[in-house]
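J.: Provided herewith: start_5.csv, CSV, C-alpha atoms and all ligand atoms.
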chain,number,residue,atom,x,y,z
A,1,MET,CA,8.5,31.2,20.7
A,2,SER,CA,9.5,34.7,21.3
A,3,GLY,CA,12.0,36.7,23.3
A,4,ASN,CA,14.8,35.4,25.4
A,5,GLY,CA,12.4,33.1,27.3
A,6,GLY,CA,12.1,31.1,24.1
A,7,LYS,CA,15.7,29.9,24.1
A,8,THR,CA,15.8,26.2,23.7
A,9,LEU,CA,18.2,23.6,25.0
A,10,ARG,CA,19.6,23.4,21.5
A,11,THR,CA,21.5,26.6,22.1
A,12,VAL,CA,22.9,25.5,25.5
A,13,ILE,CA,24.0,21.8,25.0
A,14,PRO,CA,27.3,21.5,23.0
A,15,LYS,CA,26.8,19.7,19.6
A,16,GLU,CA,29.0,16.7,20.5
A,17,LEU,CA,27.0,16.0,23.6
A,18,ARG,CA,23.7,16.4,21.8
A,19,ASP,CA,24.9,13.9,19.1
A,20,ALA,CA,26.0,11.5,21.7
A,21,LEU,CA,22.6,11.7,23.5
A,22,LYS,CA,20.8,11.3,20.2
A,23,GLY,CA,22.9,8.2,19.4
A,24,ALA,CA,22.1,6.7,22.8
A,25,VAL,CA,18.4,7.3,22.4
A,26,ASP,CA,18.5,5.8,18.9
A,27,LEU,CA,20.0,2.6,20.3
A,28,ILE,CA,17.2,2.2,22.9
A,29,LEU,CA,14.3,3.4,20.8
A,30,PRO,CA,15.2,2.7,17.2
A,31,PHE,CA,12.1,4.1,15.4
A,32,ARG,CA,12.3,7.6,14.0
A,33,CYS,CA,9.2,9.2,12.8
A,34,SER,CA,9.4,9.8,9.0
A,35,ILE,CA,7.4,13.0,9.4
A,36,CYS,CA,8.5,14.9,12.5
A,37,GLY,CA,11.8,13.0,13.1
A,38,SER,CA,11.1,12.3,16.7
A,39,VAL,CA,12.1,9.0,18.2
A,40,SER,CA,9.2,6.7,19.1
A,41,ASP,CA,8.9,3.4,20.9
A,42,THR,CA,5.7,2.2,19.4
A,43,GLU,CA,5.7,-0.8,17.0
A,44,GLY,CA,2.2,-0.2,15.6
A,45,ARG,CA,3.8,2.0,13.0
A,46,PHE,CA,1.0,3.8,11.2
A,47,GLY,CA,-2.1,2.5,13.0
A,48,ASN,CA,-5.1,1.3,10.8
A,49,TYR,CA,-3.2,2.1,7.6
A,50,ASP,CA,-0.4,-0.3,8.4
A,51,ARG,CA,-2.2,-3.4,7.2
A,52,LEU,CA,-3.4,-1.7,4.1
A,53,TYR,CA,0.1,-0.3,3.3
A,54,ARG,CA,1.7,-3.7,3.9
A,55,SER,CA,-0.9,-5.4,1.6
A,56,LEU,CA,0.0,-2.9,-1.1
A,57,TYR,CA,3.8,-2.7,-0.7
A,58,GLY,CA,4.8,-5.7,1.6
A,59,SER,CA,6.2,-5.4,5.1
A,60,LYS,CA,9.8,-4.4,4.1
A,61,ASN,CA,9.9,-0.7,4.4
A,62,GLU,CA,11.5,1.9,6.6
A,63,LEU,CA,8.5,4.0,7.1
A,64,HIS,CA,7.4,4.8,10.7
A,65,ILE,CA,5.0,7.5,11.8
A,66,CYS,CA,4.7,8.4,15.4
A,67,GLY,CA,1.3,8.5,17.1
A,68,LYS,CA,1.3,12.3,17.4
A,69,CYS,CA,1.7,12.7,13.6
A,70,LEU,CA,-0.8,10.0,12.9
A,71,SER,CA,-3.4,11.6,15.0
A,72,GLY,CA,-2.6,15.0,13.3
A,73,LEU,CA,-3.5,13.5,9.9
A,74,THR,CA,-7.3,14.1,10.0
A,75,ILE,CA,-9.6,14.3,7.0
A,76,ASN,CA,-11.5,17.6,6.5
A,77,ASP,CA,-15.1,17.9,7.5
A,78,GLU,CA,-17.5,16.8,4.8
A,79,ASP,CA,-18.2,20.4,3.7
A,80,LYS,CA,-14.5,21.0,3.1
A,81,ARG,CA,-13.5,18.2,0.7
A,82,TRP,CA,-15.1,19.4,-2.6
A,83,PHE,CA,-14.0,22.6,-4.4
A,84,LEU,CA,-14.0,24.2,-7.8
A,85,CYS,CA,-10.6,23.3,-9.2
A,86,LEU,CA,-9.8,26.9,-10.1
A,87,SER,CA,-9.8,29.1,-6.9
A,88,GLU,CA,-10.5,32.1,-9.2
A,89,PRO,CA,-12.8,31.0,-12.1
A,90,VAL,CA,-11.8,32.5,-15.5
A,91,GLU,CA,-13.9,33.7,-18.5
A,92,ASN,CA,-14.4,31.4,-21.5
A,93,ASP,CA,-13.2,28.4,-19.5
A,94,PRO,CA,-13.5,25.3,-21.7
A,95,CYS,CA,-14.2,23.2,-18.6
A,96,PRO,CA,-16.2,25.4,-16.2
A,97,GLY,CA,-17.2,23.9,-12.9
A,98,LEU,CA,-14.3,21.5,-13.0
A,99,ALA,CA,-14.4,19.8,-9.6
A,100,LEU,CA,-11.6,19.1,-7.2
A,101,TYR,CA,-11.7,16.6,-4.4
A,102,MET,CA,-9.2,17.5,-1.8
A,103,PRO,CA,-9.7,15.8,1.6
A,104,PHE,CA,-6.8,17.2,3.6
A,105,THR,CA,-5.7,20.7,4.6
A,106,TYR,CA,-2.1,21.8,3.9
A,107,LYS,CA,-1.1,22.6,7.4
A,108,GLY,CA,0.4,20.9,10.5
A,109,ILE,CA,1.6,17.4,9.7
A,110,VAL,CA,0.9,17.7,6.0
A,111,ASP,CA,2.9,20.9,5.8
A,112,ILE,CA,5.9,19.1,7.3
A,113,ALA,CA,5.4,15.8,5.4
A,114,VAL,CA,5.0,17.1,1.8
A,115,PRO,CA,8.5,18.7,1.7
A,116,ARG,CA,9.8,15.3,3.1
A,117,ILE,CA,8.3,13.7,0.0
A,118,LYS,CA,9.4,16.2,-2.5
A,119,PHE,CA,12.8,17.4,-1.2
A,120,GLY,CA,13.6,14.6,1.2
A,121,LYS,CA,12.8,12.1,-1.6
A,122,ASN,CA,10.7,10.0,0.7
A,123,ILE,CA,8.8,7.8,-1.8
A,124,GLU,CA,7.3,5.6,1.0
A,125,LEU,CA,5.7,8.6,2.6
A,126,ALA,CA,4.1,9.5,-0.8
A,127,ARG,CA,2.8,5.9,-1.1
A,128,LEU,CA,1.3,6.0,2.4
A,129,PHE,CA,-0.4,9.3,1.6
A,130,GLY,CA,-1.7,7.7,-1.6
A,131,ALA,CA,-3.1,4.8,0.5
A,132,VAL,CA,-4.8,7.2,2.8
A,133,LEU,CA,-6.2,9.2,-0.1
A,134,GLY,CA,-7.3,5.9,-1.8
A,135,THR,CA,-9.4,5.0,1.2
A,136,CYS,CA,-11.0,8.5,1.2
A,137,VAL,CA,-11.8,8.1,-2.5
A,138,SER,CA,-13.4,4.7,-1.9
A,139,ASP,CA,-15.4,6.0,1.1
A,140,GLU,CA,-16.6,9.0,-1.1
A,141,GLY,CA,-17.9,6.5,-3.7
A,142,ILE,CA,-15.9,8.1,-6.5
A,143,ARG,CA,-15.9,6.0,-9.7
A,144,ALA,CA,-13.8,6.4,-12.8
A,145,ASP,CA,-12.4,4.5,-15.8
A,146,LEU,CA,-8.9,5.7,-15.6
A,147,ILE,CA,-6.5,7.5,-13.2
A,148,VAL,CA,-3.7,9.7,-14.5
A,149,PRO,CA,-1.1,11.4,-12.4
A,150,VAL,CA,0.1,14.9,-13.2
A,151,PRO,CA,3.5,14.3,-15.0
A,152,LEU,CA,6.8,15.9,-14.0
A,153,SER,CA,9.1,17.3,-16.6
A,154,ASP,CA,11.9,14.9,-17.6
A,155,SER,CA,14.5,17.1,-15.9
A,156,ARG,CA,12.6,17.3,-12.6
A,157,LEU,CA,11.9,13.5,-12.7
A,158,LYS,CA,15.7,12.9,-13.1
A,159,GLU,CA,16.4,15.3,-10.3
A,160,ARG,CA,13.9,13.8,-7.8
A,161,GLY,CA,14.1,10.2,-9.0
A,162,PHE,CA,10.3,9.7,-8.9
A,163,ASN,CA,7.1,11.5,-9.6
A,164,GLN,CA,5.3,12.0,-6.3
A,165,ALA,CA,1.9,12.4,-8.1
A,166,LYS,CA,2.4,9.0,-9.6
A,167,GLU,CA,3.3,7.4,-6.3
A,168,ILE,CA,0.2,8.9,-4.7
A,169,ALA,CA,-2.0,7.9,-7.6
A,170,GLU,CA,-0.9,4.3,-7.7
A,171,PRO,CA,-2.4,3.1,-4.4
A,172,VAL,CA,-5.5,5.2,-5.1
A,173,ALA,CA,-5.9,3.2,-8.3
A,174,ARG,CA,-5.2,-0.1,-6.7
A,175,ILE,CA,-7.5,0.4,-3.7
A,176,ASN,CA,-10.4,1.5,-6.0
A,177,ASN,CA,-9.7,-1.0,-8.9
A,178,ILE,CA,-9.3,1.7,-11.4
A,179,PRO,CA,-6.6,1.3,-14.1
A,180,LEU,CA,-3.6,3.7,-13.7
A,181,ALA,CA,-2.2,5.3,-16.8
A,182,ASP,CA,1.0,7.1,-15.9
A,183,ASP,CA,2.0,7.6,-19.5
A,184,CYS,CA,-1.3,9.1,-20.7
A,185,LEU,CA,-0.8,12.7,-19.8
A,186,ILE,CA,2.5,14.1,-21.1
A,187,ARG,CA,4.3,17.4,-20.6
A,188,ILE,CA,4.9,19.0,-23.9
A,189,ARG,CA,7.0,21.8,-22.5
A,190,ASP,CA,9.0,22.6,-19.4
A,191,THR,CA,7.5,25.0,-16.9
A,192,LYS,CA,8.8,26.8,-13.8
A,193,ARG,CA,7.9,25.4,-10.4
A,194,GLN,CA,4.5,26.8,-9.5
A,195,SER,CA,5.6,27.2,-5.9
A,196,GLU,CA,8.2,29.9,-7.2
A,197,ILE,CA,5.4,32.0,-8.6
A,198,SER,CA,3.1,33.9,-6.2
A,199,GLU,CA,0.7,35.7,-8.6
A,200,GLU,CA,-2.3,33.7,-9.6
A,201,SER,CA,-2.5,34.9,-13.2
A,202,LYS,CA,1.2,34.2,-13.7
A,203,ARG,CA,0.8,30.6,-12.4
A,204,ALA,CA,-2.0,30.1,-14.9
A,205,ASN,CA,0.3,31.4,-17.8
A,206,ASN,CA,3.2,29.3,-16.6
A,207,VAL,CA,1.3,26.0,-17.2
A,208,LYS,CA,-0.7,27.1,-20.2
A,209,GLY,CA,-0.5,24.5,-22.9
A,210,ALA,CA,1.9,22.4,-20.9
A,211,PHE,CA,0.0,19.1,-21.3
A,212,SER,CA,-1.1,16.8,-24.0
A,213,VAL,CA,-2.5,13.2,-24.2
A,214,SER,CA,-0.2,10.6,-25.5
A,215,ASP,CA,-1.0,9.0,-28.9
A,216,LYS,CA,-0.8,5.6,-27.1
A,217,TRP,CA,-4.1,6.3,-25.4
A,218,ASP,CA,-7.6,6.6,-26.6
A,219,ILE,CA,-9.6,8.2,-23.8
A,220,SER,CA,-12.7,9.1,-25.7
A,221,GLY,CA,-15.8,8.7,-23.7
A,222,LEU,CA,-13.9,7.8,-20.5
A,223,ARG,CA,-14.3,9.2,-17.0
A,224,VAL,CA,-10.8,10.3,-16.0
A,225,VAL,CA,-9.4,11.2,-12.6
A,226,ILE,CA,-6.2,13.4,-12.5
A,227,VAL,CA,-4.2,13.1,-9.3
A,228,ASP,CA,-1.6,15.5,-7.9
A,229,ASP,CA,-0.1,15.9,-4.4
A,230,VAL,CA,-1.2,19.5,-3.6
A,231,ALA,CA,-3.4,22.1,-5.3
A,232,THR,CA,-3.0,25.8,-4.7
A,233,THR,CA,-4.7,27.9,-7.4
A,234,GLY,CA,-5.6,24.7,-9.2
A,235,ALA,CA,-4.0,26.0,-12.5
A,236,THR,CA,-1.9,22.9,-13.1
A,237,LEU,CA,-4.8,20.4,-12.6
A,238,HIS,CA,-7.1,22.7,-14.7
A,239,GLU,CA,-4.6,22.7,-17.6
A,240,ALA,CA,-4.3,18.9,-17.4
A,241,ALA,CA,-8.1,18.6,-17.5
A,242,LYS,CA,-8.2,20.8,-20.6
A,243,ALA,CA,-5.9,18.4,-22.4
A,244,LEU,CA,-8.0,15.4,-21.3
A,245,TYR,CA,-11.2,17.0,-22.5
A,246,LYS,CA,-9.5,17.9,-25.8
A,247,ALA,CA,-8.6,14.3,-26.3
A,248,GLY,CA,-12.2,13.3,-25.8
A,249,ALA,CA,-12.7,12.4,-22.1
A,250,ALA,CA,-16.3,12.3,-21.2
A,251,LYS,CA,-15.8,13.6,-17.6
A,252,VAL,CA,-12.7,14.7,-15.7
A,253,LEU,CA,-12.3,15.0,-11.9
A,254,CYS,CA,-9.3,16.4,-10.2
A,255,ILE,CA,-8.0,14.9,-6.9
A,256,ALA,CA,-5.3,16.4,-4.8
A,257,PHE,CA,-4.1,15.1,-1.4
A,258,ALA,CA,-4.1,18.5,0.3
A,259,GLY,CA,-4.4,22.3,-0.2
A,260,ASN,CA,-5.6,25.4,1.6
A,261,ARG,CA,-9.1,26.1,0.5
A,262,ALA,CA,-11.7,27.3,2.9
A,263,VAL,CA,-15.0,27.2,1.1
A,264,LYS,CA,-16.8,24.3,-0.4
A,265,ASN,CA,-17.9,25.4,-3.8
A,266,ALA,CA,-18.4,22.2,-5.9
A,267,GLU,CA,-20.8,19.4,-5.7
A,268,PRO,CA,-19.6,15.8,-5.3
A,269,TYR,CA,-18.6,14.2,-8.7
B,301,ZN,ZN,5.9,12.2,14.1
Please, can you express the file's structure as structure tokens?
Ligand SMILES: [Zn+2]
T.:
Amino acid sequence: MSGNGGKTLRTVIPKELRDALKGAVDLILPFRCSICGSVSDTEGRFGNYDRLYRSLYGSKNELHICGKCLSGLTINDEDKRWFLCLSEPVENDPCPGLALYMPFTYKGIVDIAVPRIKFGKNIELARLFGAVLGTCVSDEGIRADLIVPVPLSDSRLKERGFNQAKEIAEPVARINNIPLADDCLIRIRDTKRQSEISEESKRANNVKGAFSVSDKWDISGLRVVIVDDVATTGATLHEAAKALYKAGAAKVLCIAFAGNRAVKNAEPY
């Protein structure tokens, strides 16, 4: 919107009246979309994923996604799901050619929904995205021996109350009958938020040596999948993969729900 012509009703209707109207609408149409916040009268909740979600988490949840948001959640074309994990490959990479499976683009509905998960603390939305990702992984025929989420630092976990990567990874694991090991990968030092760093090389330095594999796990010879919510430069996933290879993993694949990569540059796992 631009110029004076773009003025919305929001600037004209007094706040009290707006709240009263909103309250009245809520009484008649009680469902509020967990992504866009609009009020919807459909009871189908989240279409084909509804049955799957209920089978994983039961029917008692507050999640409701409107038809518009649901239809906006579309999987990328086949040639835009597989990428090299590092958007800018580096020299002497201990795991060159590390593949990243990332079936959604970080725009539109995903762009609105991911902050709802992270900052709005919407754990159910993370689980729904995990269920969606789980069906993509199944359709893609990806096989593995173990799924590990990218861990949060203790301080961030305390602040948010849950690790969104773990909540996304869990339904992926259950749908694909792959064991989930959420205490396998551990953070051995705190890092800044990657989203606060714009330069690619600085992002790589920020996470360097941040991960290790717990003594509790022997992953030697295993095919391991690492799961995160989003991948930008791929530096975090790459660093986690390095730790897994160092601990003896036979093969590592990175999976993220969404990101903004344009070019397919890795072959399927
Ligand atoms: Zn919506």
J.: Per residue of chain A within 8 Å of ligand ZN 301 (chain B), which atom pair is closest and at what distance in Å (one decimal), using only C-alpha atoms and all ligand atoms, listed by chain and increasing number, as JSON lines?
T.:
{"residue": "A:Arg32", "atom": "CA", "partner": "B:ZN301", "partner_atom": "ZN", "distance": 7.9}
{"residue": "A:Cys33", "atom": "CA", "partner": "B:ZN301", "partner_atom": "ZN", "distance": 4.6}
{"residue": "A:Ser34", "atom": "CA", "partner": "B:ZN301", "partner_atom": "ZN", "distance": 6.6}
{"residue": "A:Ile35", "atom": "CA", "partner": "B:ZN301", "partner_atom": "ZN", "distance": 5.0}
{"residue": "A:Cys36", "atom": "CA", "partner": "B:ZN301", "partner_atom": "ZN", "distance": 4.1}
{"residue": "A:Gly37", "atom": "CA", "partner": "B:ZN301", "partner_atom": "ZN", "distance": 6.0}
{"residue": "A:Ser38", "atom": "CA", "partner": "B:ZN301", "partner_atom": "ZN", "distance": 5.8}
{"residue": "A:Ile65", "atom": "CA", "partner": "B:ZN301", "partner_atom": "ZN", "distance": 5.3}
{"residue": "A:Cys66", "atom": "CA", "partner": "B:ZN301", "partner_atom": "ZN", "distance": 4.2}
{"residue": "A:Gly67", "atom": "CA", "partner": "B:ZN301", "partner_atom": "ZN", "distance": 6.6}
{"residue": "A:Lys68", "atom": "CA", "partner": "B:ZN301", "partner_atom": "ZN", "distance": 5.7}
{"residue": "A:Cys69", "atom": "CA", "partner": "B:ZN301", "partner_atom": "ZN", "distance": 4.3}
{"residue": "A:Leu70", "atom": "CA", "partner": "B:ZN301", "partner_atom": "ZN", "distance": 7.2}
J.: Nearest to Ala165 in chain A: which of A:Lys118, A:Arg51, A:Lys60, A:Arg223 is it, counting only C-alpha atoms?
T.: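 Closest to Ala165 in chain A, using only C-alpha atoms: A:Lys118.
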J.: Quick one: everything within 12 Å of Pro115 in chain A, counting only C-alpha atoms, minus sequence neighbours fewer than 4 positions away in the same chain. Send it as an MDAnalysis selection string.
T.: chainID A and resid 34:36 106:107 109:111 119:123 125:126 160 164 195 229:230
J.: May I have the selected residues written with C-alpha atoms, as a short mmCIF file (atom, residue, chain, number, x, y, z; two decimals), keeping the file's coordinate frame?
T.:
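And here's part_38.cif as it stands now:
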data_model
loop_
_atom_site.label_atom_id
_atom_site.label_comp_id
_atom_site.auth_asym_id
_atom_site.auth_seq_id
_atom_site.Cartn_x
_atom_site.Cartn_y
_atom_site.Cartn_z
CA SER A 34 9.40 9.80 9.00
CA ILE A 35 7.40 13.00 9.40
CA CYS A 36 8.50 14.90 12.50
CA TYR A 106 -2.10 21.80 3.90
CA LYS A 107 -1.10 22.60 7.40
CA ILE A 109 1.60 17.40 9.70
CA VAL A 110 0.90 17.70 6.00
CA ASP A 111 2.90 20.90 5.80
CA PHE A 119 12.80 17.40 -1.20
CA GLY A 120 13.60 14.60 1.20
CA LYS A 121 12.80 12.10 -1.60
CA ASN A 122 10.70 10.00 0.70
CA ILE A 123 8.80 7.80 -1.80
CA LEU A 125 5.70 8.60 2.60
CA ALA A 126 4.10 9.50 -0.80
CA ARG A 160 13.90 13.80 -7.80
CA GLN A 164 5.30 12.00 -6.30
CA SER A 195 5.60 27.20 -5.90
CA ASP A 229 -0.10 15.90 -4.40
CA VAL A 230 -1.20 19.50 -3.60
#
J.: Extract, using only C-alpha atoms, all DNA, RNA and protein residues at most 8 Å from Ala256 in chain A, discarding same-chain residues fewer than 2 positions from it, and format them as a VMD selection string.
T.: chain A and resid 100 to 103 227 to 231 254 258 to 259
J.: Using all atoms listed in the file, I'd like a table of the residues in range 26-90 of chain A that come within 12 Å of range 127-144 of chain A; for each, show the closest atom pair and its distance in Å rounded to one decimal, ordered by chain and ascending number, as JSON lines.
T.:
{"residue": "A:Ser34", "atom": "CA", "partner": "A:Leu128", "partner_atom": "CA", "distance": 11.1}
{"residue": "A:Ile35", "atom": "CA", "partner": "A:Leu128", "partner_atom": "CA", "distance": 11.6}
{"residue": "A:Arg45", "atom": "CA", "partner": "A:Leu128", "partner_atom": "CA", "distance": 11.6}
{"residue": "A:Phe46", "atom": "CA", "partner": "A:Leu128", "partner_atom": "CA", "distance": 9.1}
{"residue": "A:Gly47", "atom": "CA", "partner": "A:Val132", "partner_atom": "CA", "distance": 11.6}
{"residue": "A:Asn48", "atom": "CA", "partner": "A:Val132", "partner_atom": "CA", "distance": 9.9}
{"residue": "A:Tyr49", "atom": "CA", "partner": "A:Val132", "partner_atom": "CA", "distance": 7.2}
{"residue": "A:Asp50", "atom": "CA", "partner": "A:Leu128", "partner_atom": "CA", "distance": 8.9}
{"residue": "A:Arg51", "atom": "CA", "partner": "A:Ala131", "partner_atom": "CA", "distance": 10.6}
{"residue": "A:Leu52", "atom": "CA", "partner": "A:Ala131", "partner_atom": "CA", "distance": 7.4}
{"residue": "A:Tyr53", "atom": "CA", "partner": "A:Leu128", "partner_atom": "CA", "distance": 6.5}
{"residue": "A:Arg54", "atom": "CA", "partner": "A:Leu128", "partner_atom": "CA", "distance": 9.8}
{"residue": "A:Ser55", "atom": "CA", "partner": "A:Ala131", "partner_atom": "CA", "distance": 10.5}
{"residue": "A:Leu56", "atom": "CA", "partner": "A:Ala131", "partner_atom": "CA", "distance": 8.5}
{"residue": "A:Tyr57", "atom": "CA", "partner": "A:Arg127", "partner_atom": "CA", "distance": 8.7}
{"residue": "A:Asn61", "atom": "CA", "partner": "A:Leu128", "partner_atom": "CA", "distance": 11.1}
{"residue": "A:Glu62", "atom": "CA", "partner": "A:Leu128", "partner_atom": "CA", "distance": 11.8}
{"residue": "A:Leu63", "atom": "CA", "partner": "A:Leu128", "partner_atom": "CA", "distance": 8.8}
{"residue": "A:His64", "atom": "CA", "partner": "A:Leu128", "partner_atom": "CA", "distance": 10.4}
{"residue": "A:Ile65", "atom": "CA", "partner": "A:Leu128", "partner_atom": "CA", "distance": 10.2}
{"residue": "A:Leu70", "atom": "CA", "partner": "A:Val132", "partner_atom": "CA", "distance": 11.2}
{"residue": "A:Leu73", "atom": "CA", "partner": "A:Val132", "partner_atom": "CA", "distance": 9.6}
{"residue": "A:Thr74", "atom": "CA", "partner": "A:Val132", "partner_atom": "CA", "distance": 10.3}
{"residue": "A:Ile75", "atom": "CA", "partner": "A:Cys136", "partner_atom": "CA", "distance": 8.3}
{"residue": "A:Asn76", "atom": "CA", "partner": "A:Cys136", "partner_atom": "CA", "distance": 10.5}
{"residue": "A:Glu78", "atom": "CA", "partner": "A:Glu140", "partner_atom": "CA", "distance": 9.8}
{"residue": "A:Arg81", "atom": "CA", "partner": "A:Glu140", "partner_atom": "CA", "distance": 9.9}
{"residue": "A:Trp82", "atom": "CA", "partner": "A:Glu140", "partner_atom": "CA", "distance": 10.6}
